[in-house]
Amino acid sequence: MGQMTFEEKMVRLEAIVAKLEKGDASLDDSLKLFEEGTHLVGSCREELDKAEQQVVRLMKGPDGAPVENEFTSEE
């Protein structure tokens, strides 16, 4: 699969979901797509976790000094 950017991974995940939703893939192909999709989701989650940690480090307080704040999710 090579090194894919986050955006490329998201595009591939969308394609996988579309193929699985269509429902015309064989069982073997569906399982391979599902496996690839779960791998991509895990990889994207790792990248998002790293980005979240970076955002927390970059947040600044009222005096301009960096402060760590809890990063809240919209989930």
# chains A, B, ... in the order shown; residues from 1 in each chain; ligands from 1

$ residues_around --residues "stretch 3-9 of chain A" --least-positions-apart "2" --cutoff "9 Å" --atoms "only C-alpha atoms" --output "tab-separated table (two decimals) with N, CA, C and O atoms, in the first residue's frame"
chain	number	residue	atom	x	y	z
A	1	MET	N	0.81	-1.19	0.00
A	1	MET	CA	0.00	0.00	0.00
A	1	MET	C	0.86	1.26	0.00
A	1	MET	O	0.46	2.27	-0.48
A	11	VAL	N	-9.88	9.12	1.56
A	11	VAL	CA	-10.50	8.86	0.26
A	11	VAL	C	-10.65	7.35	0.05
A	11	VAL	O	-11.69	6.87	-0.40
A	12	ARG	N	-9.60	6.60	0.40
A	12	ARG	CA	-9.65	5.15	0.24
A	12	ARG	C	-10.72	4.54	1.15
A	12	ARG	O	-11.45	3.64	0.74
A	13	LEU	N	-10.81	5.04	2.39
A	13	LEU	CA	-11.85	4.55	3.30
A	13	LEU	C	-13.24	4.79	2.73
A	13	LEU	O	-14.12	3.92	2.81
A	14	GLU	N	-13.46	5.97	2.16
A	14	GLU	CA	-14.75	6.27	1.55
A	14	GLU	C	-15.06	5.30	0.41
A	14	GLU	O	-16.20	4.84	0.26
A	40	LEU	N	-6.76	1.02	7.94
A	40	LEU	CA	-6.73	2.46	7.65
A	40	LEU	C	-7.34	3.28	8.79
A	40	LEU	O	-6.82	4.33	9.15
A	41	VAL	N	-8.42	2.78	9.38
A	41	VAL	CA	-9.04	3.49	10.51
A	41	VAL	C	-8.05	3.60	11.67
A	41	VAL	O	-7.90	4.66	12.27
A	43	SER	N	-4.78	3.53	11.55
A	43	SER	CA	-3.72	4.44	11.16
A	43	SER	C	-4.19	5.89	11.26
A	43	SER	O	-3.46	6.76	11.77
A	44	CYS	N	-5.39	6.17	10.80
A	44	CYS	CA	-5.94	7.53	10.87
A	44	CYS	C	-6.13	7.96	12.33
A	44	CYS	O	-5.85	9.10	12.69
A	47	GLU	N	-2.86	9.09	13.73
A	47	GLU	CA	-2.50	10.42	13.24
A	47	GLU	C	-3.32	11.50	13.93
A	47	GLU	O	-2.80	12.57	14.28

$ select_by_dssp --residues "chain A" --states "alpha helix (DSSP H)" --output "PyMOL selection string"
chain A and resi 6-22+27-58

$ residues_around --residues "A:Leu20" --least-positions-apart "2" --cutoff "10 Å" --atoms "only C-alpha atoms" --output "list in words"
Glu14, Ala15, Ile16, Val17, Ala18, Lys22, Gly23, Asp24, Ala25, Ser26, Asp29, Ser30, Leu31, Leu33 and Phe34 of chain A

$ write_last_selection --atoms "N, CA, C and O atoms" --output "compact mmCIF listing (two decimals), in the first residue's frame"
# COMPACT_ATOMS: atom_id res chain seq x y z
N GLU A 14 -13.46 5.97 2.16
CA GLU A 14 -14.75 6.27 1.55
C GLU A 14 -15.06 5.30 0.41
O GLU A 14 -16.20 4.84 0.26
N ALA A 15 -14.04 4.98 -0.40
CA ALA A 15 -14.23 4.04 -1.50
C ALA A 15 -14.56 2.65 -0.98
O ALA A 15 -15.43 1.95 -1.53
N ILE A 16 -13.89 2.23 0.09
CA ILE A 16 -14.14 0.92 0.68
C ILE A 16 -15.57 0.85 1.21
O ILE A 16 -16.29 -0.12 0.96
N VAL A 17 -15.99 1.89 1.93
CA VAL A 17 -17.35 1.91 2.48
C VAL A 17 -18.37 1.83 1.35
O VAL A 17 -19.35 1.08 1.43
N ALA A 18 -18.14 2.59 0.28
CA ALA A 18 -19.06 2.57 -0.86
C ALA A 18 -19.16 1.18 -1.47
O ALA A 18 -20.26 0.70 -1.78
N LYS A 22 -22.50 -1.23 -1.36
CA LYS A 22 -23.11 -1.67 -2.61
C LYS A 22 -23.51 -3.14 -2.52
O LYS A 22 -24.53 -3.55 -3.05
N GLY A 23 -22.68 -3.92 -1.82
CA GLY A 23 -23.04 -5.31 -1.53
C GLY A 23 -22.84 -6.31 -2.64
O GLY A 23 -23.31 -7.43 -2.54
N ASP A 24 -22.15 -5.94 -3.71
CA ASP A 24 -21.99 -6.89 -4.80
C ASP A 24 -20.61 -7.55 -4.85
O ASP A 24 -20.31 -8.30 -5.77
N ALA A 25 -19.78 -7.29 -3.84
CA ALA A 25 -18.46 -7.92 -3.77
C ALA A 25 -18.62 -9.33 -3.21
O ALA A 25 -19.52 -9.61 -2.43
N SER A 26 -17.73 -10.21 -3.61
CA SER A 26 -17.76 -11.58 -3.07
C SER A 26 -17.41 -11.52 -1.59
O SER A 26 -16.88 -10.51 -1.09
N ASP A 29 -13.69 -10.89 -1.17
CA ASP A 29 -13.34 -9.49 -1.45
C ASP A 29 -13.84 -8.58 -0.33
O ASP A 29 -13.15 -7.64 0.08
N SER A 30 -15.04 -8.85 0.17
CA SER A 30 -15.59 -8.04 1.26
C SER A 30 -14.72 -8.13 2.51
O SER A 30 -14.47 -7.12 3.17
N LEU A 31 -14.26 -9.33 2.81
CA LEU A 31 -13.39 -9.51 3.98
C LEU A 31 -12.07 -8.77 3.80
O LEU A 31 -11.56 -8.14 4.74
N LEU A 33 -11.57 -6.10 1.90
CA LEU A 33 -11.87 -4.67 2.00
C LEU A 33 -12.05 -4.26 3.46
O LEU A 33 -11.57 -3.22 3.89
N PHE A 34 -12.77 -5.09 4.22
CA PHE A 34 -13.00 -4.79 5.64
C PHE A 34 -11.68 -4.75 6.40
O PHE A 34 -11.44 -3.85 7.21

$ atom_distance --atom1 "atom CA of A:Asp49" --atom2 "atom CA of A:Lys32"
25.9 Å

$ atom_distance --atom1 "atom CA of A:Gln54" --atom2 "atom CA of A:Val67"
12.2 Å

$ atom_distance --atom1 "atom CA of A:Ala51" --atom2 "atom CA of A:Met10"
15.7 Å
